[in-house]
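**Student:** Next comes the structure file work_37.pdb, holding PDB, C-alpha atoms, pLDDT in the B column.
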ATOM      1  CA  MET A  14       0.000   0.000   0.000  1.00 68.00           C
ATOM      2  CA  GLU A  15       1.566   3.291  -1.112  1.00 75.00           C
ATOM      3  CA  LYS A  16       0.939   6.605   0.630  1.00 77.00           C
ATOM      4  CA  SER A  17       2.122  10.137  -0.091  1.00 78.00           C
ATOM      5  CA  VAL A  18       4.046  11.934   2.670  1.00 82.00           C
ATOM      6  CA  THR A  19       6.171  15.066   3.061  1.00 83.00           C
ATOM      7  CA  VAL A  20       9.812  14.967   4.175  1.00 85.00           C
ATOM      8  CA  LEU A  21      10.278  16.950   7.397  1.00 86.00           C
ATOM      9  CA  GLU A  22      13.959  16.240   8.138  1.00 84.00           C
ATOM     10  CA  ASN A  23      16.807  13.748   7.749  1.00 81.00           C
ATOM     11  CA  THR A  24      17.937  12.186  11.014  1.00 75.00           C
ATOM     12  CA  LYS A  25      20.411   9.481  12.015  1.00 73.00           C
ATOM     13  CA  GLU A  26      17.495   7.082  12.609  1.00 71.00           C
ATOM     14  CA  GLY A  27      16.018   7.671   9.157  1.00 75.00           C
ATOM     15  CA  ILE A  28      13.918  10.212   7.345  1.00 83.00           C
ATOM     16  CA  LYS A  29      11.236  11.925   9.404  1.00 84.00           C
ATOM     17  CA  VAL A  30       8.081  12.447   7.358  1.00 83.00           C
ATOM     18  CA  GLY A  31       4.613  13.795   7.980  1.00 81.00           C
ATOM     19  CA  CYS A  32       1.185  13.279   6.503  1.00 73.00           C
ATOM     20  CA  ASP A  33      -2.379  14.267   7.174  1.00 62.00           C
ATOM     21  CA  ALA A  34      -4.650  11.957   9.174  1.00 60.00           C
ATOM     22  CA  SER A  35      -6.606  10.971   6.053  1.00 59.00           C
ATOM     23  CA  ALA A  36      -3.579   8.980   4.888  1.00 57.00           C
ATOM     24  CA  CYS A  37      -4.401   6.356   7.526  1.00 61.00           C
ATOM     25  CA  SER A  38      -7.731   5.428   5.957  1.00 63.00           C
ATOM     26  CA  GLY A  39      -7.591   2.012   4.375  1.00 62.00           C
ATOM     27  CA  CYS A  40      -4.626   0.816   6.438  1.00 60.00           C
ATOM     28  CA  LYS A  41      -5.173  -2.678   7.824  1.00 53.00           C
ATOM     29  CA  SER A  42      -3.880  -1.690  11.253  1.00 52.00           C
ATOM     30  CA  GLU A  43      -5.447   1.785  11.468  1.00 55.00           C
ATOM     31  CA  MET A  44      -7.647   0.763  14.398  1.00 51.00           C
ATOM     32  CA  PHE A  45      -4.722  -0.549  16.445  1.00 47.00           C
ATOM     33  CA  CYS A  46      -2.074   1.975  15.432  1.00 56.00           C
ATOM     34  CA  ARG A  47      -0.165   3.367  18.382  1.00 52.00           C
ATOM     35  CA  ASN A  48       1.211   6.242  16.334  1.00 54.00           C
ATOM     36  CA  LYS A  49      -1.764   8.601  16.263  1.00 54.00           C
ATOM     37  CA  ASP A  50       0.306  11.652  15.410  1.00 59.00           C
ATOM     38  CA  THR A  51       1.115  12.189  11.775  1.00 70.00           C
ATOM     39  CA  THR A  52       4.921  12.197  11.897  1.00 75.00           C
ATOM     40  CA  PHE A  53       7.042   9.073  11.757  1.00 75.00           C
ATOM     41  CA  THR A  54      10.365   7.754  10.486  1.00 79.00           C
ATOM     42  CA  VAL A  55      10.776   5.896   7.208  1.00 81.00           C
ATOM     43  CA  GLU A  56      13.669   4.033   5.623  1.00 81.00           C
ATOM     44  CA  ASN A  57      15.331   5.040   2.344  1.00 80.00           C
ATOM     45  CA  PRO A  58      17.158   1.878   1.197  1.00 79.00           C
ATOM     46  CA  SER A  59      17.511   3.159  -2.390  1.00 80.00           C
ATOM     47  CA  SER A  60      19.278   6.311  -1.104  1.00 79.00           C
ATOM     48  CA  ILE A  61      16.993   8.616  -3.080  1.00 81.00           C
ATOM     49  CA  PRO A  62      18.268  12.180  -2.533  1.00 83.00           C
ATOM     50  CA  LEU A  63      15.608  13.932  -0.449  1.00 84.00           C
ATOM     51  CA  GLU A  64      15.315  17.405   0.995  1.00 81.00           C
ATOM     52  CA  LYS A  65      12.948  19.003   3.460  1.00 85.00           C
ATOM     53  CA  GLY A  66       9.560  19.623   1.828  1.00 84.00           C
ATOM     54  CA  ASP A  67       9.883  16.904  -0.832  1.00 84.00           C
ATOM     55  CA  LYS A  68       6.809  14.778  -1.468  1.00 87.00           C
ATOM     56  CA  VAL A  69       7.570  11.068  -1.564  1.00 86.00           C
ATOM     57  CA  LEU A  70       5.628   7.847  -1.884  1.00 83.00           C
ATOM     58  CA  ILE A  71       6.179   5.284   0.839  1.00 83.00           C
ATOM     59  CA  ASP A  72       5.298   1.622   0.822  1.00 82.00           C
ATOM     60  CA  ILE A  73       3.725   0.082   3.901  1.00 77.00           C
ATOM     61  CA  PRO A  74       3.682  -3.679   3.269  1.00 75.00           C
ATOM     62  CA  GLU A  75       0.313  -5.007   4.457  1.00 77.00           C
ATOM     63  CA  GLY A  76       1.832  -8.247   5.716  1.00 80.00           C
ATOM     64  CA  ARG A  77       4.187  -6.344   7.994  1.00 79.00           C
ATOM     65  CA  ALA A  78       1.360  -4.131   9.266  1.00 76.00           C
ATOM     66  CA  THR A  79      -0.674  -7.233  10.070  1.00 82.00           C
ATOM     67  CA  LEU A  80       2.317  -8.907  11.731  1.00 86.00           C
ATOM     68  CA  SER A  81       2.860  -5.850  13.921  1.00 83.00           C
ATOM     69  CA  VAL A  82      -0.774  -6.005  15.069  1.00 81.00           C
ATOM     70  CA  ILE A  83      -0.390  -9.702  15.869  1.00 86.00           C
ATOM     71  CA  LEU A  84       2.822  -9.099  17.813  1.00 87.00           C
ATOM     72  CA  SER A  85       1.506  -6.143  19.763  1.00 86.00           C
ATOM     73  CA  LEU A  86      -1.965  -7.510  20.592  1.00 88.00           C
ATOM     74  CA  ALA A  87      -2.397 -11.218  19.937  1.00 91.00           C
ATOM     75  CA  LEU A  88       0.874 -12.434  21.470  1.00 92.00           C
ATOM     76  CA  PRO A  89       0.220 -10.887  24.901  1.00 93.00           C
ATOM     77  CA  LEU A  90      -3.380 -12.107  24.888  1.00 93.00           C
ATOM     78  CA  LEU A  91      -2.322 -15.620  23.920  1.00 94.00           C
ATOM     79  CA  LEU A  92       0.273 -15.700  26.701  1.00 94.00           C
ATOM     80  CA  PHE A  93      -2.403 -14.902  29.280  1.00 95.00           C
ATOM     81  CA  LEU A  94      -3.853 -18.438  29.008  1.00 93.00           C
ATOM     82  CA  PRO A  95      -0.661 -20.414  29.715  1.00 94.00           C
ATOM     83  CA  GLY A  96       0.082 -18.042  32.581  1.00 94.00           C
ATOM     84  CA  TYR A  97      -3.377 -18.531  34.040  1.00 93.00           C
ATOM     85  CA  PHE A  98      -3.202 -22.324  33.824  1.00 92.00           C
ATOM     86  CA  LEU A  99       0.369 -22.409  35.103  1.00 93.00           C
ATOM     87  CA  GLY A 100      -0.846 -20.327  38.045  1.00 91.00           C
ATOM     88  CA  ARG A 101      -3.430 -23.030  38.646  1.00 89.00           C
ATOM     89  CA  VAL A 102      -0.611 -25.493  39.323  1.00 91.00           C
ATOM     90  CA  PHE A 103       0.945 -23.283  42.001  1.00 90.00           C
ATOM     91  CA  PHE A 104      -2.037 -21.431  43.465  1.00 89.00           C
ATOM     92  CA  THR A 105      -5.586 -22.193  44.505  1.00 87.00           C
ATOM     93  CA  SER A 106      -6.868 -18.620  44.551  1.00 91.00           C
ATOM     94  CA  GLU A 107      -8.550 -17.313  41.383  1.00 91.00           C
ATOM     95  CA  ILE A 108      -6.950 -13.931  41.988  1.00 93.00           C
ATOM     96  CA  SER A 109      -3.471 -15.452  42.108  1.00 92.00           C
ATOM     97  CA  MET A 110      -4.138 -17.416  38.912  1.00 93.00           C
ATOM     98  CA  ALA A 111      -5.369 -14.261  37.141  1.00 93.00           C
ATOM     99  CA  LEU A 112      -2.337 -12.325  38.364  1.00 95.00           C
ATOM    100  CA  MET A 113      -0.073 -15.027  36.949  1.00 95.00           C
ATOM    101  CA  GLY A 114      -1.963 -14.715  33.652  1.00 94.00           C
ATOM    102  CA  PHE A 115      -1.465 -10.942  33.667  1.00 96.00           C
ATOM    103  CA  LEU A 116       2.215 -11.455  34.448  1.00 96.00           C
ATOM    104  CA  PHE A 117       2.549 -13.634  31.334  1.00 96.00           C
ATOM    105  CA  MET A 118       0.585 -11.022  29.396  1.00 96.00           C
ATOM    106  CA  ALA A 119       3.094  -8.368  30.489  1.00 96.00           C
ATOM    107  CA  LEU A 120       5.844 -10.740  29.381  1.00 96.00           C
ATOM    108  CA  GLY A 121       4.185 -10.859  25.948  1.00 94.00           C
ATOM    109  CA  PHE A 122       4.196  -7.055  25.733  1.00 94.00           C
ATOM    110  CA  GLY A 123       7.866  -7.064  26.743  1.00 94.00           C
ATOM    111  CA  VAL A 124       8.762  -9.630  24.086  1.00 93.00           C
ATOM    112  CA  SER A 125       6.861  -7.579  21.480  1.00 91.00           C
ATOM    113  CA  ALA A 126       8.716  -4.413  22.488  1.00 90.00           C
ATOM    114  CA  ILE A 127      12.073  -6.175  22.197  1.00 93.00           C
ATOM    115  CA  ILE A 128      11.186  -7.567  18.752  1.00 91.00           C
ATOM    116  CA  PHE A 129      10.096  -4.118  17.546  1.00 86.00           C
ATOM    117  CA  LYS A 130      13.293  -2.570  18.906  1.00 86.00           C
ATOM    118  CA  ILE A 131      15.542  -5.163  17.247  1.00 90.00           C
ATOM    119  CA  LYS A 132      13.621  -5.338  13.955  1.00 84.00           C
ATOM    120  CA  LYS A 133      12.681  -1.647  13.727  1.00 79.00           C
ATOM    121  CA  ARG A 134      13.885  -1.372  10.129  1.00 78.00           C
ATOM    122  CA  TYR A 135      11.831  -4.395   9.087  1.00 82.00           C
ATOM    123  CA  PHE A 136       8.602  -2.804  10.314  1.00 79.00           C
ATOM    124  CA  SER A 137       9.381   0.723   9.043  1.00 78.00           C
ATOM    125  CA  PRO A 138       7.742   2.054   5.873  1.00 82.00           C
ATOM    126  CA  ILE A 139      10.058   2.341   2.849  1.00 82.00           C
ATOM    127  CA  VAL A 140      10.487   5.279   0.472  1.00 83.00           C
ATOM    128  CA  THR A 141       9.710   3.999  -3.028  1.00 85.00           C
ATOM    129  CA  ARG A 142      10.055   7.149  -5.112  1.00 83.00           C
ATOM    130  CA  LYS A 143       9.940  10.915  -5.148  1.00 83.00           C
ATOM    131  CA  GLU A 144       6.712  12.451  -6.416  1.00 80.00           C
ATOM    132  CA  GLU A 145       6.993  14.612  -9.500  1.00 73.00           C
ATOM    133  CA  GLU A 146       5.836  18.176  -8.998  1.00 62.00           C
TER     134      GLU A 146
END
Mind turning this structure into structure tokens?
**Tutor:**
Amino acid sequence: MEKSVTVLENTKEGIKVGCDASACSGCKSEMFCRNKDTTFTVENPSSIPLEKGDKVLIDIPEGRATLSVILSLALPLLLFLPGYFLGRVFFTSEISMALMGFLFMALGFGVSAIIFKIKKRYFSPIVTRKEEE
């Protein structure tokens, strides 16, 4: 899925771009997106020369957007169940079992955060080309 954005600045982490909120419509993970502001960093693997104010098209691979939703939501929810049932082995109180489930859920969020930190470039949108004016 390609979207048009404006280059705001070049940083060490990548190219900071901005867009209007309407650019989010149609995105598979719009409902779960944590980045509600309209500025974010993109990768430029083709080393296209870009300056502040340039309009560029970025590619947001739908599979990666879906994978990020799964990692950030489904993984923690799925880990709740093993935690709850493992708590059943050690505890008899429902509250203790639920707390163990929530502990595993927190572990899932931690694992997701580590994966996103390590694989940040994999999940970042990619500049495909500069728009002609």
**Student:** Hey, what's within 6 Å of Val20 (chain A) if we count only C-alpha atoms and toss same-chain stuff fewer than 6 positions away? As a ChimeraX atom specification, please?
**Tutor:** /A:30,65-67
**Student:** Atoms to include: C-alpha atoms. Write the selected residues as a PDB file, keeping the file's coordinate frame.
**Tutor:**
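Output file again16.pdb follows:
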ATOM      1  CA  VAL A  30       8.081  12.447   7.358  1.00 83.00           C
ATOM      2  CA  LYS A  65      12.948  19.003   3.460  1.00 85.00           C
ATOM      3  CA  GLY A  66       9.560  19.623   1.828  1.00 84.00           C
ATOM      4  CA  ASP A  67       9.883  16.904  -0.832  1.00 84.00           C
TER       5      ASP A  67
END
**Student:** Under the PyMOL selection byres ((chain A and resi 141) around 7), which residues of this model are included? Write them out as a list in words.
**Tutor:** Leu70, Ile71, Asp72, Ile139, Val140 and Arg142 of chain A
**Student:** Do a neighbour search on Ser81 (chain A) at 9 Å with all atoms listed in the file, toss out local chain neighbours closer than 5 positions, and write the hits as a PyMOL selection string.
**Tutor:** chain A and resi 42+76+86+125+129+136
**Student:** So which residues get picked by the PyMOL selection byres ((chain A and resi 110) around 12) here, written as a list in words?
**Tutor:**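 This file, filtered by the PyMOL selection byres ((chain A and resi 110) around 12), leaves Phe93, Leu94, Pro95, Gly96, Tyr97, Phe98, Leu99, Gly100, Arg101, Val102, Phe103, Phe104, Thr105, Ser106, Glu107, Ile108, Ser109, Ala111, Leu112, Met113, Gly114, Phe115, Leu116 and Phe117 of chain A.
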**Student:** Calculate how many Å separate CA of Ile127 (chain A) from CA of Lys16 (chain A), rounding to one decimal.
**Tutor:**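 These atoms are spaced 27.4 Å apart.
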**Student:** Please compute the CA of Leu90 (chain A)-CA of Glu75 (chain A) distance, one decimal, in Å.
**Tutor:**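 For CA of Leu90 (chain A) relative to CA of Glu75 (chain A), the distance reads 21.9 Å.
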**Student:** Could you check which of A:Glu145, A:Gly27, A:Pro89, A:Pro58 is closest to Gly123 (chain A), using only C-alpha atoms?
**Tutor:**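 So, comparing all the options, the nearest one is A:Pro89.
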**Student:** Just want the 9 Å neighbourhood of Glu26 (chain A), counted on all atoms listed in the file, with same-chain residues fewer than 5 positions away dropped. Output as a count of residues only.
**Tutor:** 3
**Student:** Hey, what's within 9 Å of Lys143 (chain A) if we count only C-alpha atoms and toss same-chain stuff fewer than 6 positions away? As a ChimeraX atom specification, please?
**Tutor:** /A:61-63,67-70
